[in-house]
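Source file work.pdb; content: PDB, C-alpha atoms.
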```
ATOM      1  CA  MET A   1     -23.753  29.376  11.944
ATOM      2  CA  ILE A   2     -21.257  31.566  13.858
ATOM      3  CA  GLU A   3     -21.117  28.915  16.589
ATOM      4  CA  LYS A   4     -20.593  26.152  13.976
ATOM      5  CA  ILE A   5     -17.770  28.119  12.359
ATOM      6  CA  ALA A   6     -16.138  28.561  15.772
ATOM      7  CA  ARG A   7     -16.375  24.801  16.455
ATOM      8  CA  LEU A   8     -14.850  24.020  13.045
ATOM      9  CA  GLN A   9     -12.089  26.557  13.653
ATOM     10  CA  ALA A  10     -11.341  24.928  17.039
ATOM     11  CA  TYR A  11     -11.170  21.540  15.253
ATOM     12  CA  LEU A  12      -8.611  22.987  12.806
ATOM     13  CA  ASP A  13      -6.624  24.758  15.524
ATOM     14  CA  ALA A  14      -5.989  21.372  17.186
ATOM     15  CA  ARG A  15      -4.546  19.964  13.943
ATOM     16  CA  PRO A  16      -0.919  20.760  13.124
ATOM     17  CA  TYR A  17      -1.180  19.531   9.506
ATOM     18  CA  ALA A  18      -4.313  21.661   8.918
ATOM     19  CA  ARG A  19      -2.335  24.636  10.221
ATOM     20  CA  PHE A  20       0.556  23.716   7.878
ATOM     21  CA  LEU A  21      -1.889  23.959   4.957
ATOM     22  CA  GLY A  22      -3.412  27.189   6.300
ATOM     23  CA  ALA A  23      -7.000  25.888   6.384
ATOM     24  CA  ARG A  24      -9.625  27.965   8.204
ATOM     25  CA  ALA A  25     -13.368  27.787   8.873
ATOM     26  CA  ASP A  26     -16.060  29.937   7.253
ATOM     27  CA  SER A  27     -19.514  29.691   5.653
ATOM     28  CA  ARG A  28     -20.774  30.188   2.099
ATOM     29  CA  ASP A  29     -24.446  30.211   1.050
ATOM     30  CA  GLY A  30     -25.524  28.854   4.424
ATOM     31  CA  ASN A  31     -23.075  25.927   4.345
ATOM     32  CA  LEU A  32     -20.067  25.367   6.544
ATOM     33  CA  VAL A  33     -16.906  25.465   4.391
ATOM     34  CA  LEU A  34     -13.195  24.962   4.770
ATOM     35  CA  VAL A  35     -11.250  27.817   3.213
ATOM     36  CA  LEU A  36      -7.694  27.412   1.941
ATOM     37  CA  PRO A  37      -6.157  30.785   1.097
ATOM     38  CA  PHE A  38      -3.523  30.531  -1.610
ATOM     39  CA  SER A  39       0.049  30.244  -0.420
ATOM     40  CA  PRO A  40       3.159  29.552  -2.563
ATOM     41  CA  HIS A  41       4.063  26.424  -0.552
ATOM     42  CA  LEU A  42       0.848  24.708  -1.786
ATOM     43  CA  ILE A  43       1.963  24.670  -5.437
ATOM     44  CA  GLY A  44       2.409  21.293  -7.123
ATOM     45  CA  ASN A  45       2.976  22.468 -10.684
ATOM     46  CA  PRO A  46       5.065  25.644 -10.857
ATOM     47  CA  ALA A  47       4.609  25.912 -14.651
ATOM     48  CA  LEU A  48       0.844  26.646 -14.561
ATOM     49  CA  PRO A  49       0.998  27.392 -11.567
ATOM     50  CA  ALA A  50      -1.419  24.920  -9.943
ATOM     51  CA  LEU A  51      -2.105  23.664  -6.430
ATOM     52  CA  HIS A  52      -0.745  20.201  -5.633
ATOM     53  CA  GLY A  53      -3.413  17.544  -6.172
ATOM     54  CA  GLY A  54      -2.488  16.042  -2.815
ATOM     55  CA  VAL A  55      -3.285  19.332  -1.087
ATOM     56  CA  ILE A  56      -6.749  19.412  -2.662
ATOM     57  CA  GLY A  57      -7.312  15.750  -1.722
ATOM     58  CA  ALA A  58      -6.134  16.364   1.836
ATOM     59  CA  MET A  59      -8.458  19.377   2.181
ATOM     60  CA  MET A  60     -11.428  17.300   1.010
ATOM     61  CA  GLU A  61     -10.628  14.507   3.486
ATOM     62  CA  LEU A  62     -10.234  17.105   6.244
ATOM     63  CA  SER A  63     -13.598  18.602   5.275
ATOM     64  CA  ALA A  64     -15.316  15.196   5.446
ATOM     65  CA  LEU A  65     -13.820  14.253   8.827
ATOM     66  CA  SER A  66     -14.445  17.664  10.390
ATOM     67  CA  GLN A  67     -18.086  17.778   9.229
ATOM     68  CA  LEU A  68     -18.618  14.252  10.570
ATOM     69  CA  SER A  69     -16.999  15.188  13.901
ATOM     70  CA  LEU A  70     -19.133  18.315  14.260
ATOM     71  CA  ASP A  71     -22.422  16.585  13.394
ATOM     72  CA  HIS A  72     -21.684  13.208  14.999
ATOM     73  CA  PRO A  73     -19.195  13.639  17.838
ATOM     74  CA  ARG A  74     -17.876  10.397  19.322
ATOM     75  CA  HIS A  75     -15.606   9.452  22.187
ATOM     76  CA  SER A  76     -12.784   8.319  19.870
ATOM     77  CA  PRO A  77     -11.868   9.881  16.510
ATOM     78  CA  HIS A  78     -13.482   8.928  13.191
ATOM     79  CA  GLN A  79     -11.189   7.237  10.694
ATOM     80  CA  THR A  80     -10.979   7.330   6.909
ATOM     81  CA  ILE A  81     -11.595   3.921   5.320
ATOM     82  CA  ASP A  82     -11.295   4.811   1.633
ATOM     83  CA  VAL A  83     -11.645   7.813  -0.652
ATOM     84  CA  THR A  84     -11.953   8.360  -4.395
ATOM     85  CA  ILE A  85     -10.683  11.740  -5.503
ATOM     86  CA  GLU A  86     -11.677  13.066  -8.928
ATOM     87  CA  TYR A  87      -9.810  16.020 -10.356
ATOM     88  CA  LEU A  88     -11.959  18.180 -12.602
ATOM     89  CA  ARG A  89      -9.997  21.382 -13.197
ATOM     90  CA  PRO A  90      -6.553  22.664 -12.224
ATOM     91  CA  GLY A  91      -6.518  24.307  -8.809
ATOM     92  CA  ARG A  92      -5.231  27.762  -9.618
ATOM     93  CA  ALA A  93      -3.171  30.069  -7.418
ATOM     94  CA  GLN A  94      -6.164  31.481  -5.556
ATOM     95  CA  THR A  95      -8.423  30.726  -2.577
ATOM     96  CA  THR A  96     -10.090  27.284  -2.532
ATOM     97  CA  TYR A  97     -13.378  26.405  -0.776
ATOM     98  CA  VAL A  98     -14.371  22.892   0.319
ATOM     99  CA  SER A  99     -17.760  21.651   1.509
ATOM    100  CA  ALA A 100     -18.777  18.160   2.695
ATOM    101  CA  HIS A 101     -22.185  16.476   2.521
ATOM    102  CA  LEU A 102     -22.968  13.520   4.739
ATOM    103  CA  LYS A 103     -24.908  11.215   2.402
ATOM    104  CA  LYS A 104     -25.463   8.399   4.902
ATOM    105  CA  VAL A 105     -24.383   8.082   8.499
ATOM    106  CA  GLY A 106     -24.986   4.616   9.883
ATOM    107  CA  ARG A 107     -24.099   3.173  13.248
ATOM    108  CA  ARG A 108     -20.504   2.410  12.230
ATOM    109  CA  ILE A 109     -19.970   3.690   8.674
ATOM    110  CA  ALA A 110     -20.523   7.100   7.065
ATOM    111  CA  ASN A 111     -20.644   7.855   3.341
ATOM    112  CA  ILE A 112     -19.546  11.420   2.591
ATOM    113  CA  GLN A 113     -19.282  13.446  -0.619
ATOM    114  CA  VAL A 114     -17.111  16.530  -0.861
ATOM    115  CA  GLU A 115     -16.586  19.216  -3.472
ATOM    116  CA  ALA A 116     -13.832  21.786  -3.859
ATOM    117  CA  TRP A 117     -14.164  24.975  -5.896
ATOM    118  CA  GLN A 118     -12.557  28.355  -6.427
ATOM    119  CA  ASP A 119     -14.577  30.851  -8.484
ATOM    120  CA  SER A 120     -17.988  29.198  -8.164
ATOM    121  CA  PRO A 121     -19.447  26.027  -6.591
ATOM    122  CA  ALA A 122     -21.018  25.390 -10.025
ATOM    123  CA  GLN A 123     -17.496  24.855 -11.388
ATOM    124  CA  PRO A 124     -15.840  22.458  -8.934
ATOM    125  CA  ILE A 125     -12.106  21.820  -9.284
ATOM    126  CA  ALA A 126     -12.335  18.421  -7.553
ATOM    127  CA  ALA A 127     -14.758  15.988  -5.928
ATOM    128  CA  MET A 128     -14.314  13.240  -3.383
ATOM    129  CA  ARG A 129     -16.431  10.312  -2.235
ATOM    130  CA  GLY A 130     -15.410   8.312   0.767
ATOM    131  CA  HIS A 131     -16.293   5.899   3.548
ATOM    132  CA  PHE A 132     -15.448   6.673   7.143
ATOM    133  CA  LEU A 133     -15.430   4.515  10.253
ATOM    134  CA  LEU A 134     -17.219   6.238  13.112
ATOM    135  CA  GLY A 135     -15.372   6.469  16.411
ATOM    136  CA  ALA A 136     -16.537   4.499  19.435
ATOM    137  CA  GLU A 137     -19.415   5.915  21.488
ATOM    138  CA  GLY A 138     -18.395   7.355  24.826
TER     139      GLY A 138
ATOM    140  CA  MET B   1      14.633  -1.835  -8.311
ATOM    141  CA  SER B   2      17.837  -0.072  -9.203
ATOM    142  CA  GLU B   3      19.050   2.402  -6.620
ATOM    143  CA  VAL B   4      20.681   4.365  -9.460
ATOM    144  CA  PRO B   5      18.175   6.841 -10.883
ATOM    145  CA  THR B   6      17.743   6.868 -14.646
ATOM    146  CA  ASP B   7      17.103  10.564 -14.834
ATOM    147  CA  ARG B   8      18.424  12.673 -12.002
ATOM    148  CA  VAL B   9      17.070  15.801 -13.702
ATOM    149  CA  ILE B  10      13.475  14.548 -13.510
ATOM    150  CA  ILE B  11      13.946  13.401  -9.937
ATOM    151  CA  ASP B  12      15.361  16.750  -8.960
ATOM    152  CA  ARG B  13      12.539  18.617 -10.640
ATOM    153  CA  MET B  14       9.740  16.537  -9.151
ATOM    154  CA  ALA B  15      11.191  16.248  -5.656
ATOM    155  CA  ASN B  16      13.200  19.422  -5.351
ATOM    156  CA  SER B  17      11.461  22.074  -7.421
ATOM    157  CA  THR B  18       7.842  21.406  -6.513
ATOM    158  CA  PRO B  19       7.072  23.866  -3.699
ATOM    159  CA  GLN B  20       4.629  21.542  -1.869
ATOM    160  CA  ALA B  21       7.118  18.611  -2.045
ATOM    161  CA  ILE B  22       9.845  20.880  -0.649
ATOM    162  CA  ALA B  23       7.516  22.186   2.071
ATOM    163  CA  LEU B  24       6.728  18.608   3.145
ATOM    164  CA  GLY B  25      10.405  17.571   2.965
ATOM    165  CA  PHE B  26       9.807  14.777   0.425
ATOM    166  CA  GLU B  27      12.911  12.816  -0.560
ATOM    167  CA  ALA B  28      13.174  10.976  -3.889
ATOM    168  CA  ILE B  29      14.811   7.592  -3.320
ATOM    169  CA  SER B  30      14.772   6.006  -6.765
ATOM    170  CA  MET B  31      13.118   6.203 -10.150
ATOM    171  CA  ALA B  32      13.487   3.639 -12.920
ATOM    172  CA  GLU B  33      11.416   1.666 -15.445
ATOM    173  CA  GLY B  34       7.989   2.885 -14.387
ATOM    174  CA  ARG B  35       8.725   2.647 -10.670
ATOM    175  CA  ALA B  36       9.402   5.438  -8.202
ATOM    176  CA  THR B  37      10.107   5.434  -4.472
ATOM    177  CA  MET B  38       9.869   8.456  -2.169
ATOM    178  CA  ARG B  39      10.004   9.177   1.541
ATOM    179  CA  ALA B  40       8.125  11.676   3.716
ATOM    180  CA  PRO B  41      10.318  12.243   6.792
ATOM    181  CA  TRP B  42       8.402  12.482  10.071
ATOM    182  CA  ARG B  43       7.949  16.037  11.348
ATOM    183  CA  ALA B  44       6.186  17.303  14.481
ATOM    184  CA  ASP B  45       4.292  20.016  12.552
ATOM    185  CA  LEU B  46       2.793  17.461  10.136
ATOM    186  CA  VAL B  47       0.914  15.224  12.576
ATOM    187  CA  GLU B  48      -2.877  14.907  12.332
ATOM    188  CA  VAL B  49      -3.940  16.174  15.738
ATOM    189  CA  VAL B  50      -2.316  17.601  18.857
ATOM    190  CA  GLY B  51      -1.383  14.682  21.099
ATOM    191  CA  SER B  52      -0.850  12.291  18.171
ATOM    192  CA  THR B  53       2.634  11.563  16.846
ATOM    193  CA  ALA B  54       1.703   9.889  13.537
ATOM    194  CA  LEU B  55       2.058  11.720  10.211
ATOM    195  CA  ALA B  56      -1.296  13.084   8.981
ATOM    196  CA  SER B  57      -3.134  11.132   6.292
ATOM    197  CA  GLY B  58      -3.049  14.245   4.071
ATOM    198  CA  VAL B  59       0.756  14.045   3.970
ATOM    199  CA  ILE B  60       0.457  10.412   2.839
ATOM    200  CA  THR B  61      -2.167  11.350   0.206
ATOM    201  CA  THR B  62       0.136  14.026  -1.209
ATOM    202  CA  LEU B  63       3.163  11.696  -1.162
ATOM    203  CA  MET B  64       1.209   8.989  -2.999
ATOM    204  CA  ASP B  65      -0.093  11.426  -5.642
ATOM    205  CA  HIS B  66       3.397  12.857  -6.116
ATOM    206  CA  CYS B  67       5.192   9.503  -6.239
ATOM    207  CA  SER B  68       2.578   8.105  -8.651
ATOM    208  CA  GLY B  69       3.262  11.025 -11.003
ATOM    209  CA  MET B  70       6.977  10.266 -10.746
ATOM    210  CA  ALA B  71       6.358   6.631 -11.665
ATOM    211  CA  VAL B  72       4.580   7.802 -14.832
ATOM    212  CA  ALA B  73       7.519  10.053 -15.672
ATOM    213  CA  ALA B  74       9.814   7.051 -15.124
ATOM    214  CA  VAL B  75       8.225   5.070 -17.985
ATOM    215  CA  GLU B  76       9.450   7.181 -20.863
ATOM    216  CA  GLU B  77      11.649  10.219 -20.743
ATOM    217  CA  ASP B  78       9.493  12.397 -22.988
ATOM    218  CA  ARG B  79       6.133  11.534 -21.405
ATOM    219  CA  PHE B  80       4.882  13.542 -18.494
ATOM    220  CA  PRO B  81       1.692  13.337 -16.471
ATOM    221  CA  THR B  82      -0.139  16.620 -17.035
ATOM    222  CA  ALA B  83      -2.859  15.921 -14.496
ATOM    223  CA  THR B  84      -4.116  13.376 -12.010
ATOM    224  CA  LEU B  85      -7.483  12.162 -13.300
ATOM    225  CA  ASP B  86      -8.469  10.243 -10.192
ATOM    226  CA  LEU B  87      -6.957   8.699  -7.123
ATOM    227  CA  ARG B  88      -8.546   5.909  -5.080
ATOM    228  CA  ILE B  89      -6.947   5.468  -1.671
ATOM    229  CA  ASP B  90      -7.571   2.702   0.859
ATOM    230  CA  PHE B  91      -6.367   3.644   4.327
ATOM    231  CA  LEU B  92      -5.456   0.328   5.939
ATOM    232  CA  ARG B  93      -4.111   1.676   9.226
ATOM    233  CA  ALA B  94      -2.563   4.815  10.751
ATOM    234  CA  ALA B  95       1.159   5.468  10.326
ATOM    235  CA  ALA B  96       3.234   4.404  13.344
ATOM    236  CA  PRO B  97       4.031   7.140  15.888
ATOM    237  CA  GLY B  98       7.137   9.087  14.915
ATOM    238  CA  ALA B  99       7.685   7.055  11.734
ATOM    239  CA  ASP B 100       8.788   8.254   8.285
ATOM    240  CA  VAL B 101       6.450   7.123   5.497
ATOM    241  CA  MET B 102       7.688   5.484   2.300
ATOM    242  CA  VAL B 103       5.779   5.113  -0.962
ATOM    243  CA  GLU B 104       6.553   2.917  -3.935
ATOM    244  CA  ALA B 105       4.508   3.547  -7.082
ATOM    245  CA  HIS B 106       4.381   1.429 -10.238
ATOM    246  CA  CYS B 107       3.053   2.664 -13.573
ATOM    247  CA  TYR B 108       1.927  -0.698 -14.944
ATOM    248  CA  LYS B 109       0.162   0.533 -18.088
ATOM    249  CA  SER B 110       0.309   3.607 -20.273
ATOM    250  CA  THR B 111      -1.267   4.562 -23.594
ATOM    251  CA  ASP B 112      -0.928   7.657 -25.793
ATOM    252  CA  THR B 113      -3.138   9.643 -23.453
ATOM    253  CA  LEU B 114      -3.411   7.768 -20.139
ATOM    254  CA  ALA B 115      -1.279   6.112 -17.493
ATOM    255  CA  PHE B 116      -2.414   3.753 -14.721
ATOM    256  CA  VAL B 117      -0.532   3.500 -11.438
ATOM    257  CA  ARG B 118      -0.650   1.415  -8.268
ATOM    258  CA  ALA B 119       1.141   2.607  -5.164
ATOM    259  CA  THR B 120       1.713   1.417  -1.623
ATOM    260  CA  ALA B 121       2.668   3.385   1.486
ATOM    261  CA  TRP B 122       4.350   1.833   4.517
ATOM    262  CA  ASP B 123       6.493   2.719   7.519
ATOM    263  CA  ALA B 124       8.366  -0.332   8.835
ATOM    264  CA  SER B 125       7.823  -2.824   6.000
ATOM    265  CA  PRO B 126       6.112  -2.900   2.581
ATOM    266  CA  GLU B 127       4.547  -6.177   3.764
ATOM    267  CA  ASP B 128       2.523  -4.180   6.316
ATOM    268  CA  PRO B 129       1.145  -1.261   4.275
ATOM    269  CA  ILE B 130      -0.447   1.905   5.672
ATOM    270  CA  ALA B 131      -2.347   2.689   2.476
ATOM    271  CA  THR B 132      -2.753   1.563  -1.120
ATOM    272  CA  VAL B 133      -3.566   3.648  -4.184
ATOM    273  CA  GLN B 134      -4.994   3.136  -7.644
ATOM    274  CA  ALA B 135      -4.559   6.208  -9.854
ATOM    275  CA  ALA B 136      -5.095   7.340 -13.455
ATOM    276  CA  PHE B 137      -3.191  10.190 -15.096
ATOM    277  CA  VAL B 138      -3.665  12.151 -18.301
ATOM    278  CA  LEU B 139      -0.454  12.416 -20.311
ATOM    279  CA  ASN B 140       0.876  15.016 -22.618
ATOM    280  CA  GLY B 141       1.975  13.610 -25.977
ATOM    281  CA  PRO B 142       5.580  13.152 -27.078
ATOM    282  CA  GLN B 143       5.127  16.279 -29.221
ATOM    283  CA  SER B 144       4.050  18.441 -26.330
ATOM    284  CA  PRO B 145       6.676  20.546 -24.660
ATOM    285  CA  ARG B 146       7.850  19.390 -21.265
ATOM    286  CA  PRO B 147       6.660  21.437 -18.351
ATOM    287  CA  THR B 148       9.286  23.880 -17.289
ATOM    288  CA  SER B 149       9.971  24.818 -13.732
TER     289      SER B 149
END
```

Entire entry expressed as structure tokens:
Amino acid sequence: MIEKIARLQAYLDARPYARFLGARADSRDGNLVLVLPFSPHLIGNPALPALHGGVIGAMMELSALSQLSLDHPRHSPHQTIDVTIEYLRPGRAQTTYVSAHLKKVGRRIANIQVEAWQDSPAQPIAAMRGHFLLGAEG
Amino acid sequence: MSEVPTDRVIIDRMANSTPQAIALGFEAISMAEGRATMRAPWRADLVEVVGSTALASGVITTLMDHCSGMAVAAVEEDRFPTATLDLRIDFLRAAAPGADVMVEAHCYKSTDTLAFVRATAWDASPEDPIATVQAAFVLNGPQSPRPTS
């Protein structure tokens, strides 16, 4: 798992937008997770305050693509085809965890489901389902 | 669409007092009659991966969510989206290298509790979109207090 975390962290380190968010790699309960520590620039609703929905969506897409890249590396990058993001609870001003599950990886298309949570994975703040186009084989 | 905003206060709040919108440099272009247009200016620190010069898809996701919420707020002055219920995004192609991204969102239906929005993102022309969105929002009622910021 330590080696997987290091590979995920290297993936994030090469991504300026992931660094803008402040995403980093870790593990929880034996699963690789993306961790987004709270930062004031991530707020979308100052009244609550709550994380911007776009930030949560972006983290879930990043989680899906990074998990796919780690498990199924290809010569050219994987691409997002479509995603459906469901918001379940407000993302509060605290650390967020995101974990992706590859439901089906075919020759060209992958179906991935992602969940984001804060206090407990049993109480997700958002979920995402999406299709991804696998990069070309080397 | 009118280039004259109907409610500069709402535009200022949604574009200029939302920390994430400020951090991404979002610019509100117009807002009227259920339609809103915003721009995400290109920035080197917001590209997807080192070596690429196209804005990251996460920036476009956030712009589309934000602009869709603005379109809901542009329907009626005292109705505000309290939460995004869901957001379906089709990524049609990558943004062009070094290009700003524009989004136009249209709230085409709203009820007492819900609003439905379609949005399109593009760089050079709306006829050649980068991404399209279908979104649903939960509304606060006319009796509910407006969010303060």

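Between atom CA of Pro37 of chain A and atom CA of Ala25 of chain A lies a distance of 11.0 Å.
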
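Considering all atoms listed in the file, the residue among B:Trp42, B:Tyr108, B:Phe80, B:Phe26 positioned nearest to His66 of chain B is B:Phe26.
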
Contact check, chain A to chain B, at most 10 Å, counting only C-alpha atoms, closest pairs as a tab-separated table:
```
residue	atom	partner	partner_atom	distance
A:Tyr11	CA	B:Val49	CA	9.0
A:Leu12	CA	B:Val49	CA	8.8
A:Asp13	CA	B:Val50	CA	9.0
A:Ala14	CA	B:Val50	CA	5.5
A:Arg15	CA	B:Val49	CA	4.2
A:Pro16	CA	B:Asp45	CA	5.3
A:Tyr17	CA	B:Leu46	CA	4.5
A:Ala18	CA	B:Glu48	CA	7.7
A:Arg19	CA	B:Asp45	CA	8.4
A:Phe20	CA	B:Leu46	CA	7.0
A:Leu21	CA	B:Leu46	CA	9.5
A:Ser39	CA	B:Gln20	CA	9.9
A:Pro40	CA	B:Pro19	CA	7.0
A:His41	CA	B:Pro19	CA	5.0
A:Leu42	CA	B:Gln20	CA	4.9
A:Ile43	CA	B:Gln20	CA	5.4
A:Gly44	CA	B:Thr18	CA	5.5
A:Asn45	CA	B:Thr18	CA	6.5
A:Pro46	CA	B:Ser149	CA	5.7
A:Ala47	CA	B:Ser149	CA	5.5
A:Leu48	CA	B:Pro147	CA	8.7
A:Pro49	CA	B:Ser149	CA	9.6
A:Leu51	CA	B:Gln20	CA	8.4
A:His52	CA	B:Gln20	CA	6.7
A:Gly53	CA	B:Asp65	CA	7.0
A:Gly54	CA	B:Thr62	CA	3.7
A:Val55	CA	B:Thr62	CA	6.3
A:Ile56	CA	B:Thr62	CA	8.9
A:Gly57	CA	B:Thr61	CA	7.0
A:Ala58	CA	B:Gly58	CA	4.4
A:Met59	CA	B:Gly58	CA	7.7
A:Met60	CA	B:Gly58	CA	9.4
A:Glu61	CA	B:Gly58	CA	7.6
A:Leu62	CA	B:Gly58	CA	8.0
A:Gln79	CA	B:Phe91	CA	8.8
A:Thr80	CA	B:Phe91	CA	6.4
A:Ile81	CA	B:Phe91	CA	5.3
A:Asp82	CA	B:Asp90	CA	4.3
A:Val83	CA	B:Ile89	CA	5.3
A:Thr84	CA	B:Arg88	CA	4.3
A:Ile85	CA	B:Leu87	CA	5.1
A:Glu86	CA	B:Asp86	CA	4.5
A:Tyr87	CA	B:Leu85	CA	5.4
A:Leu88	CA	B:Leu85	CA	7.5
A:Arg89	CA	B:Ala83	CA	9.1
A:Pro90	CA	B:Ala83	CA	8.0
A:Ala126	CA	B:Asp86	CA	9.4
A:Ala127	CA	B:Asp86	CA	9.5
A:Met128	CA	B:Leu87	CA	9.4
A:Arg129	CA	B:Arg88	CA	9.5
A:Gly130	CA	B:Ile89	CA	9.3
A:His131	CA	B:Asp90	CA	9.7
A:Phe132	CA	B:Phe91	CA	10.0
```

To one decimal place in Å, what is the distance between atom CA of Ala96 of chain B and atom CA of Ala136 of chain A? 20.7 Å

Quick one, how far is atom CA of Ile112 of chain A from atom CA of Leu70 of chain A?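 Interatomic distance here is 13.6 Å.
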
For Pro124 of chain A, please output as a PDB file with C-alpha atoms, in the frame of the given file all residues within 7 Å (counting only C-alpha atoms; exclusion window: fewer than 3 positions along the same chain).
```pdb
ATOM      1  CA  LEU A  88     -11.959  18.180 -12.602  1.00  0.00           C
ATOM      2  CA  GLU A 115     -16.586  19.216  -3.472  1.00  0.00           C
ATOM      3  CA  ALA A 116     -13.832  21.786  -3.859  1.00  0.00           C
ATOM      4  CA  TRP A 117     -14.164  24.975  -5.896  1.00  0.00           C
ATOM      5  CA  PRO A 121     -19.447  26.027  -6.591  1.00  0.00           C
TER       6      PRO A 121
END
```

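Put simply, the PyMOL selection byres ((chain B and resi 110) around 10) on this file hits B:Gly34, B:Val72, B:Val75, B:Glu76, B:Arg79, B:Cys107, B:Tyr108, B:Lys109, B:Thr111, B:Asp112, B:Thr113, B:Leu114, B:Ala115, B:Phe116, B:Val117, B:Ala136, B:Phe137, B:Val138, B:Leu139.
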
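Closest approach to Gln67 of chain A among A:Asp119, A:Leu133, A:Ser99, A:Gly106: A:Ser99, based on all atoms listed in the file.
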
Would you kindly identify which residues have an atom no farther than 9 Å from (11.7, 4.3, -0.9), using only C-alpha atoms and the file's own coordinates, and write them out as a ChimeraX atom specification? /B:27-30,36-39,101-104

Leu32 of chain A surroundings by only C-alpha atoms, 7 Å radius, close-in-sequence under 3 positions cut, as a PyMOL selection string: chain A and resi 5+26-28+99

Save out the residues we just selected, C-alpha atoms, as a short mmCIF file (atom, residue, chain, number, x, y, z; two decimals), keeping the file's coordinate frame.
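Okay, this is what ended up in result_5.cif:
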```cif
data_model
loop_
_atom_site.label_atom_id
_atom_site.label_comp_id
_atom_site.auth_asym_id
_atom_site.auth_seq_id
_atom_site.Cartn_x
_atom_site.Cartn_y
_atom_site.Cartn_z
CA ILE A 5 -17.77 28.12 12.36
CA ASP A 26 -16.06 29.94 7.25
CA SER A 27 -19.51 29.69 5.65
CA ARG A 28 -20.77 30.19 2.10
CA SER A 99 -17.76 21.65 1.51
#
```

Closest of A:Val105, A:Gly91, A:Glu137, A:Leu8 to Gln123 of chain A - atom-to-atom distances counting all atoms listed in the file: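 For Gln123 of chain A, the nearest of the given residues is A:Gly91.
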